[in-house]
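With mmCIF, C-alpha atoms and all ligand atoms inside, this is coords-v9.cif:
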data_work
#
loop_
_atom_site.label_atom_id
_atom_site.label_comp_id
_atom_site.auth_asym_id
_atom_site.auth_seq_id
_atom_site.Cartn_x
_atom_site.Cartn_y
_atom_site.Cartn_z
CA MET O 1 -39.84 8.03 -69.52
CA GLU O 2 -41.85 11.24 -69.69
CA HIS O 3 -42.64 12.47 -73.20
CA THR O 4 -43.74 16.04 -73.29
CA GLY O 5 -42.85 17.19 -76.81
CA GLN O 6 -44.61 16.82 -80.15
CA VAL O 7 -44.15 13.34 -81.59
CA ASN O 8 -42.37 14.39 -84.75
CA SER O 9 -40.31 17.14 -83.14
CA MET O 10 -36.65 16.27 -82.91
CA ILE O 11 -35.50 19.32 -81.03
CA THR O 12 -37.68 21.75 -79.17
CA CYS O 13 -36.35 24.86 -77.45
CA ARG O 14 -38.89 26.22 -75.03
CA ASN O 15 -38.53 29.68 -73.64
CA ILE O 16 -34.76 29.41 -73.43
CA GLY O 17 -32.97 32.13 -71.54
CA LYS O 18 -29.25 32.43 -70.92
CA THR O 19 -27.49 35.05 -68.89
CA PHE O 20 -23.76 34.95 -68.18
CA SER O 21 -23.17 36.51 -64.80
CA THR O 22 -20.09 37.40 -62.84
CA LYS O 23 -19.98 39.31 -59.56
CA LYS O 24 -19.81 42.61 -61.42
CA THR O 25 -21.44 42.05 -64.79
CA SER O 26 -24.32 40.25 -66.35
CA LEU O 27 -24.89 39.58 -70.06
CA GLU O 28 -28.22 38.35 -71.33
CA VAL O 29 -27.48 36.35 -74.48
CA LEU O 30 -30.76 34.49 -75.06
CA GLN O 31 -34.22 35.61 -74.07
CA LYS O 32 -37.42 33.57 -74.40
CA PHE O 33 -36.02 31.68 -77.35
CA ASP O 34 -38.35 29.14 -78.98
CA LEU O 35 -37.51 26.73 -81.77
CA ASP O 36 -39.10 23.54 -83.02
CA VAL O 37 -37.14 21.35 -85.43
CA LYS O 38 -38.88 18.45 -87.15
CA GLU O 39 -37.37 15.11 -88.03
CA ASN O 40 -35.06 15.29 -91.08
CA GLU O 41 -35.45 19.02 -91.35
CA PHE O 42 -32.42 21.13 -92.32
CA VAL O 43 -32.63 24.29 -90.24
CA VAL O 44 -30.10 27.08 -90.58
CA LEU O 45 -29.62 29.62 -87.81
CA LEU O 46 -28.46 32.80 -89.50
CA GLY O 47 -27.31 35.49 -87.15
CA PRO O 48 -24.85 38.34 -86.73
CA GLY O 49 -21.48 37.86 -85.02
CA GLN O 50 -21.50 37.38 -81.25
CA CYS O 51 -25.28 37.12 -81.08
CA GLY O 52 -25.23 33.88 -79.09
CA LYS O 53 -25.30 31.18 -81.78
CA THR O 54 -22.62 29.01 -80.19
CA THR O 55 -24.19 29.45 -76.77
CA LEU O 56 -27.50 28.20 -78.17
CA MET O 57 -25.82 25.21 -79.85
CA ASN O 58 -24.04 24.31 -76.61
CA ILE O 59 -27.34 24.43 -74.76
CA ILE O 60 -29.03 22.20 -77.37
CA ALA O 61 -26.07 19.80 -77.18
CA GLY O 62 -26.44 19.57 -73.40
CA LEU O 63 -22.97 21.03 -72.86
CA GLU O 64 -24.27 24.10 -71.06
CA PRO O 65 -27.44 24.56 -68.99
CA PRO O 66 -29.86 27.36 -69.88
CA THR O 67 -30.75 29.82 -67.12
CA ALA O 68 -34.42 29.55 -68.11
CA GLY O 69 -36.55 27.22 -70.18
CA GLU O 70 -35.68 23.79 -71.52
CA VAL O 71 -34.51 21.85 -74.56
CA LEU O 72 -36.28 18.64 -75.53
CA PHE O 73 -34.70 15.96 -77.70
CA GLN O 74 -37.35 13.61 -79.06
CA GLY O 75 -39.59 14.80 -76.26
CA GLU O 76 -37.10 14.28 -73.46
CA LYS O 77 -35.41 17.03 -71.53
CA VAL O 78 -31.74 17.53 -72.40
CA THR O 79 -29.57 17.75 -69.30
CA LYS O 80 -26.26 16.36 -70.56
CA PRO O 81 -24.59 15.44 -73.87
CA ASN O 82 -26.50 12.70 -75.69
CA PRO O 83 -25.01 10.32 -78.27
CA GLY O 84 -28.10 10.98 -80.38
CA ILE O 85 -26.93 14.55 -80.91
CA GLY O 86 -23.70 14.83 -82.90
CA MET O 87 -21.58 17.90 -83.54
CA VAL O 88 -19.40 19.18 -86.36
CA TYR O 89 -17.16 22.03 -85.31
CA GLN O 90 -15.13 24.60 -87.17
CA THR O 91 -11.99 22.80 -86.09
CA THR O 92 -12.71 19.16 -86.62
CA GLY O 93 -10.76 17.80 -83.65
CA LEU O 94 -9.55 14.79 -85.63
CA PHE O 95 -7.16 12.39 -83.93
CA PRO O 96 -3.81 13.14 -85.64
CA TRP O 97 -2.42 9.69 -84.82
CA PHE O 98 -5.30 7.91 -86.58
CA THR O 99 -5.79 7.46 -90.32
CA VAL O 100 -8.90 8.79 -92.04
CA MET O 101 -10.50 5.33 -91.72
CA LYS O 102 -9.72 5.08 -88.01
CA ASN O 103 -11.02 8.58 -87.39
CA VAL O 104 -14.28 7.83 -89.20
CA ASP O 105 -14.91 4.42 -87.65
CA PHE O 106 -13.99 5.66 -84.16
CA GLY O 107 -17.59 5.85 -82.88
CA PRO O 108 -18.65 2.33 -83.98
CA ARG O 109 -15.28 1.03 -82.71
CA MET O 110 -16.04 2.43 -79.27
CA LYS O 111 -19.39 0.65 -79.45
CA HIS O 112 -17.57 -2.62 -80.25
CA MET O 113 -19.09 -3.04 -83.69
CA PRO O 114 -17.29 -5.90 -85.47
CA LYS O 115 -14.40 -4.69 -87.61
CA GLN O 116 -15.74 -5.74 -90.98
CA GLU O 117 -19.12 -4.13 -90.35
CA ARG O 118 -17.74 -0.85 -89.06
CA ARG O 119 -15.18 -0.61 -91.85
CA LYS O 120 -17.95 -1.07 -94.39
CA LYS O 121 -20.01 1.59 -92.71
CA ALA O 122 -17.08 4.03 -92.49
CA GLN O 123 -16.20 3.39 -96.14
CA HIS O 124 -19.75 4.28 -97.12
CA PHE O 125 -19.43 7.71 -95.50
CA ILE O 126 -15.87 8.24 -96.70
CA ASP O 127 -17.15 7.65 -100.24
CA LEU O 128 -20.11 9.98 -99.71
CA VAL O 129 -17.89 12.89 -98.67
CA GLY O 130 -15.59 12.28 -101.63
CA LEU O 131 -12.52 10.92 -99.84
CA THR O 132 -12.29 7.54 -101.56
CA GLY O 133 -8.60 6.66 -101.81
CA PHE O 134 -7.58 8.64 -98.71
CA GLU O 135 -8.59 5.97 -96.17
CA ASN O 136 -5.00 5.42 -95.03
CA SER O 137 -3.92 9.07 -95.00
CA TYR O 138 -3.21 10.91 -91.77
CA PRO O 139 -4.97 14.24 -91.06
CA ILE O 140 -1.67 16.17 -91.22
CA LYS O 141 -1.44 15.34 -94.93
CA LEU O 142 -4.93 16.65 -95.71
CA SER O 143 -6.13 20.14 -96.65
CA GLY O 144 -8.57 22.03 -94.39
CA GLY O 145 -11.51 21.11 -96.62
CA MET O 146 -10.54 17.44 -96.63
CA ARG O 147 -10.25 17.40 -92.86
CA GLN O 148 -13.70 18.90 -92.63
CA ARG O 149 -14.95 16.09 -94.88
CA VAL O 150 -13.47 13.57 -92.45
CA GLY O 151 -15.21 15.38 -89.58
CA ILE O 152 -18.56 15.15 -91.38
CA ALA O 153 -18.09 11.46 -92.25
CA ARG O 154 -17.12 10.73 -88.66
CA ALA O 155 -20.19 12.55 -87.31
CA TYR O 156 -22.50 10.61 -89.64
CA CYS O 157 -20.81 7.29 -88.85
CA ASN O 158 -21.95 7.70 -85.22
CA ASP O 159 -25.58 7.52 -86.35
CA PRO O 160 -26.83 10.60 -84.50
CA ALA O 161 -30.48 11.56 -85.01
CA VAL O 162 -29.51 15.23 -84.88
CA LEU O 163 -26.38 16.91 -86.21
CA LEU O 164 -25.36 20.30 -84.90
CA MET O 165 -22.99 22.21 -87.14
CA ASP O 166 -21.57 25.45 -85.78
CA GLU O 167 -20.05 27.47 -88.64
CA PRO O 168 -18.19 24.38 -89.85
CA PHE O 169 -16.89 26.13 -92.97
CA GLY O 170 -16.14 29.50 -91.37
CA HIS O 171 -12.38 29.27 -91.80
CA LEU O 172 -12.30 27.80 -95.31
CA ASP O 173 -11.54 29.78 -98.45
CA ALA O 174 -14.50 30.63 -100.69
CA GLN O 175 -13.87 27.91 -103.26
CA THR O 176 -13.50 25.15 -100.69
CA ARG O 177 -16.54 26.46 -98.87
CA TYR O 178 -18.71 26.05 -101.97
CA ALA O 179 -17.42 22.51 -102.40
CA MET O 180 -18.25 21.71 -98.78
CA GLN O 181 -21.76 23.12 -99.11
CA GLU O 182 -22.25 20.67 -101.96
CA VAL O 183 -20.85 17.81 -99.86
CA ILE O 184 -23.33 18.58 -97.09
CA THR O 185 -26.27 18.85 -99.48
CA ASN O 186 -25.28 15.60 -101.15
CA ILE O 187 -24.87 13.61 -97.95
CA TRP O 188 -28.00 15.07 -96.38
CA SER O 189 -30.08 14.32 -99.49
CA ARG O 190 -29.06 10.65 -99.33
CA GLU O 191 -28.75 10.13 -95.58
CA LYS O 192 -31.49 12.32 -94.20
CA ARG O 193 -30.80 13.55 -90.73
CA THR O 194 -32.08 16.44 -88.66
CA VAL O 195 -29.52 19.21 -89.03
CA ILE O 196 -29.18 22.51 -87.19
CA PHE O 197 -26.52 24.50 -88.99
CA VAL O 198 -25.17 27.86 -87.83
CA THR O 199 -23.78 30.47 -90.18
CA ASN O 200 -23.49 34.21 -90.68
CA ASN O 201 -23.32 33.74 -94.45
CA ILE O 202 -26.61 34.42 -96.25
CA GLU O 203 -25.68 32.61 -99.46
CA GLU O 204 -24.68 29.50 -97.51
CA ALA O 205 -27.97 29.61 -95.61
CA VAL O 206 -30.06 29.82 -98.79
CA PHE O 207 -28.05 27.04 -100.43
CA LEU O 208 -28.54 24.62 -97.53
CA ALA O 209 -31.74 25.30 -95.62
CA ASP O 210 -35.26 23.98 -95.62
CA ARG O 211 -35.91 26.78 -93.16
CA ILE O 212 -33.79 29.75 -92.15
CA ILE O 213 -34.19 31.18 -88.67
CA LEU O 214 -32.99 34.73 -88.79
CA LEU O 215 -31.65 35.83 -85.42
CA THR O 216 -31.56 39.25 -83.81
CA ASN O 217 -28.66 40.73 -81.92
CA CYS O 218 -28.21 39.96 -78.21
CA PRO O 219 -30.35 39.10 -76.38
CA THR O 220 -31.01 36.76 -79.25
CA ASN O 221 -34.44 36.03 -80.51
CA VAL O 222 -36.10 34.96 -83.74
CA LYS O 223 -36.38 37.89 -86.10
CA ARG O 224 -37.97 35.99 -88.96
CA GLU O 225 -38.41 32.47 -90.31
CA ILE O 226 -38.00 31.89 -94.01
CA ARG O 227 -38.87 28.60 -95.71
CA ILE O 228 -36.73 27.82 -98.76
CA ASP O 229 -38.58 25.62 -101.20
CA LEU O 230 -36.03 25.61 -104.05
CA PRO O 231 -35.15 22.12 -105.30
CA ARG O 232 -31.67 20.74 -104.49
CA PRO O 233 -28.92 20.94 -105.51
CA ARG O 234 -29.48 24.67 -105.68
CA ASP O 235 -27.99 27.02 -108.19
CA TYR O 236 -26.25 30.01 -106.57
CA VAL O 237 -26.86 32.18 -109.62
CA SER O 238 -30.41 31.24 -110.56
CA LYS O 239 -32.93 34.08 -110.59
CA GLU O 240 -34.95 32.56 -107.74
CA PHE O 241 -31.86 32.00 -105.60
CA LEU O 242 -30.62 35.54 -106.06
CA LYS O 243 -34.05 36.97 -105.32
CA ILE O 244 -34.35 35.12 -102.00
CA ARG O 245 -30.78 36.01 -101.12
CA GLU O 246 -31.51 39.69 -101.75
CA GLU O 247 -34.68 39.63 -99.68
CA ILE O 248 -32.93 37.99 -96.74
CA SER O 249 -30.04 40.41 -97.11
CA GLU O 250 -32.37 43.32 -96.57
CA ILE O 251 -33.94 41.82 -93.46
CA PHE O 252 -30.54 40.66 -92.17
CA GLU O 253 -28.98 44.12 -92.48
CA SER O 254 -31.84 45.58 -90.48
CA THR O 255 -31.09 43.15 -87.64
CA LYS O 256 -27.61 44.47 -87.05
N1 LIG T 1 -18.85 31.26 -70.85
C1 LIG T 1 -19.12 32.54 -71.09
N2 LIG T 1 -19.02 33.46 -70.10
C2 LIG T 1 -19.32 34.75 -70.33
N3 LIG T 1 -19.72 35.26 -71.52
C3 LIG T 1 -19.82 34.39 -72.54
C4 LIG T 1 -19.54 33.00 -72.39
N4 LIG T 1 -19.75 32.38 -73.59
C5 LIG T 1 -20.13 33.35 -74.43
N5 LIG T 1 -20.19 34.56 -73.82
C6 LIG T 1 -20.60 35.83 -74.42
O1 LIG T 1 -21.89 35.64 -75.00
C7 LIG T 1 -22.00 36.35 -76.22
C8 LIG T 1 -22.42 35.38 -77.30
O2 LIG T 1 -21.35 34.47 -77.55
P1 LIG T 1 -21.47 33.28 -78.60
O3 LIG T 1 -20.13 32.69 -78.73
O4 LIG T 1 -22.60 32.41 -78.22
O5 LIG T 1 -21.87 34.10 -79.91
P2 LIG T 1 -21.76 33.66 -81.43
O6 LIG T 1 -22.98 34.20 -82.11
O7 LIG T 1 -21.51 32.20 -81.54
O8 LIG T 1 -20.46 34.47 -81.89
P3 LIG T 1 -19.56 34.24 -83.21
O9 LIG T 1 -20.31 34.91 -84.32
O10 LIG T 1 -18.28 34.93 -82.86
O11 LIG T 1 -19.39 32.76 -83.41
C9 LIG T 1 -20.66 37.00 -76.47
O12 LIG T 1 -20.72 38.33 -76.08
C10 LIG T 1 -19.71 36.21 -75.58
O13 LIG T 1 -18.65 37.01 -75.15
MG MG T 2 -20.01 31.08 -82.52
#

Target format structure tokens, applied to this file:
Amino acid sequence: MEHTGQVNSMITCRNIGKTFSTKKTSLEVLQKFDLDVKENEFVVLLGPGQCGKTTLMNIIAGLEPPTAGEVLFQGEKVTKPNPGIGMVYQTTGLFPWFTVMKNVDFGPRMKHMPKQERRKKAQHFIDLVGLTGFENSYPIKLSGGMRQRVGIARAYCNDPAVLLMDEPFGHLDAQTRYAMQEVITNIWSREKRTVIFVTNNIEEAVFLADRIILLTNCPTNVKREIRIDLPRPRDYVSKEFLKIREEISEIFESTK
């Protein structure tokens, strides 16, 4: 197998371009986009609406080919979806006919992991996202935030090396959103994984990220990279937090 990327790079985007073309129109969404994400790094892509964030995530996930450049996953070119790259969407796509437990242990079940082992594993992640006691509930009985917790537990239970999260909390109310940001920080602190998280919410980005990649409007490029060194869990109202948030706000506004 050819290895062309840096050893400790999980995801590398090299010179990615994406143009959507029809007979009459052509829209350049990504242009010479470069990104290098290290193992266990929590990277947040922060960009304005419609700038091409989902398109980029789909390309990284191998769901959509770029029109130029390439994505490497652990040094290998991504050409199709890879079980090593998991996704958490805004709508969780849970199976309504399965209980929480059966939704979470779905991946290991498909891989024929023995029942006792996979149940133990699923329980571990159910506990970590704070759903202990809801193992036998069906998704219909759960709130939006709880469903999102199931989606996160399920993604982790598949053991992906990389987790892609595309505005997973975009539709939640503010209170639930804060709670979910804490869930993600908590699970990531214990079960380190490489995460690429998309948002258009500055506060969320500062709360979660090791590194924020600030994106420009279409055709999307990197406007600025900001490393966030604050210890976790972060305090939304600490002086340092508010200062960074303000600084990013100013740069972010100038990207629109
Ligand atoms: N399959 C497609 N065919 C044509 N145009 C597309 C396609 N997918 C996306 N686009 C266009 O590309 C641009 C970027 O879309 P994309 O969904 O990637 O942006 P986004 O940053 O995720 O937006 P949002 O903030 O709404 O989530 C939009 O103008 C969109 O209409
Ligand atoms: Mg999107």

Long-range neighbours of region 165-172 of chain O as a ChimeraX atom specification, 7 Å cut-off, all atoms listed in the file, 3 positions minimum in chain: /O:54,87-90,144-145,176-177,196-199

From the options O:Asn8, O:Arg118, O:Lys23, O:His124, which residue's atoms come nearest to Gln74 (chain O), counting all atoms listed in the file? O:Asn8

All residues having an atom within 7 Å of ligand LIG 1 (chain T) (all atoms listed in the file) as a VMD selection string: chain O and resid 20 to 21 27 29 47 to 56

Using only C-alpha atoms, please write the residues we just selected to a file, as a PDB file, keeping the file's coordinate frame.
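So the final result, stored in part-v7.pdb, reads:
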ATOM      1  CA  PHE O  20     -23.760  34.950 -68.180  1.00  0.00           C
ATOM      2  CA  SER O  21     -23.170  36.510 -64.800  1.00  0.00           C
ATOM      3  CA  LEU O  27     -24.890  39.580 -70.060  1.00  0.00           C
ATOM      4  CA  VAL O  29     -27.480  36.350 -74.480  1.00  0.00           C
ATOM      5  CA  GLY O  47     -27.310  35.490 -87.150  1.00  0.00           C
ATOM      6  CA  PRO O  48     -24.850  38.340 -86.730  1.00  0.00           C
ATOM      7  CA  GLY O  49     -21.480  37.860 -85.020  1.00  0.00           C
ATOM      8  CA  GLN O  50     -21.500  37.380 -81.250  1.00  0.00           C
ATOM      9  CA  CYS O  51     -25.280  37.120 -81.080  1.00  0.00           C
ATOM     10  CA  GLY O  52     -25.230  33.880 -79.090  1.00  0.00           C
ATOM     11  CA  LYS O  53     -25.300  31.180 -81.780  1.00  0.00           C
ATOM     12  CA  THR O  54     -22.620  29.010 -80.190  1.00  0.00           C
ATOM     13  CA  THR O  55     -24.190  29.450 -76.770  1.00  0.00           C
ATOM     14  CA  LEU O  56     -27.500  28.200 -78.170  1.00  0.00           C
TER      15      LEU O  56
END

In the coordinates of the file, take the point (-14.4, 10.1, -87.0) and a cut-off of 7 Å; then, counting all atoms listed in the file, name each qualifying protein, DNA or RNA residue as a PyMOL selection string. chain O and resi 94+102-107+150-151+153-155

Distance in Å - CA of Phe134 (chain O) versus CA of Val100 (chain O): 6.8 Å

For each of O:Met146, O:Asn200, O:Leu214, O:Gln123, take the minimum atom-to-atom distance to ligand MG 2 (chain T), counting all atoms listed in the file, then give the residue where this is smallest.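 Smallest distance to ligand MG 2 (chain T) is found for O:Asn200.
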
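Nearest to Pro83 (chain O) of all the residues O:Tyr236, O:Glu182, O:Arg147, O:Ala161 is O:Ala161, based on all atoms listed in the file.
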
Between O:Thr132, O:Asn158, O:Asn58, O:Thr194, single out the one closest to Asp36 (chain O), counting all atoms listed in the file. O:Thr194

Could you check which of O:Val44, O:Val37, O:Val183, O:Met57 is closest to ligand MG 2 (chain T), using all atoms listed in the file?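 Smallest separation from ligand MG 2 (chain T) among the options: O:Met57.
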
CA of Phe73 (chain O) to CA of Cys13 (chain O), distance in Å rounded to a single decimal: 9.1 Å

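The smallest atom-to-atom distance between ligand MG 2 (chain T) and any of O:Val129, O:Thr25, O:Leu45, O:Thr67, using all atoms listed in the file, is found for O:Leu45.
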
Between CA of Gln175 (chain O) and CA of Leu128 (chain O) - distance in Å to one decimal: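 One can read the CA of Leu128 (chain O) to CA of Gln175 (chain O) distance as 19.3 Å.
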
Compile the contact shell of Thr220 (chain O) as a list in words: residues with an atom at most 6 Å away, counting only C-alpha atoms, same-chain residues fewer than 3 positions apart removed.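 Selected residues are Val29, Leu30, Thr216 and Asn217 of chain O.
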
Any idea what's packed within 12 Å of Ile11 (chain O), counting only C-alpha atoms, ignoring anything in its chain fewer than 5 positions away? Could you give it as a PyMOL selection string? chain O and resi 4-6+34-43+57+59-62+70-78+84-85+161-164+194-196

Long-range neighbours of Pro66 (chain O) as number ranges by chain, 8 Å cut-off, all atoms listed in the file, 5 positions minimum in chain: O: 16-18, 59

Using only C-alpha atoms, which protein or nucleic acid residues come within 8 Å of Asp229 (chain O)? Drop anything in the same chain fewer than 2 positions from it, and give the result as a PyMOL selection string. chain O and resi 210+227+231
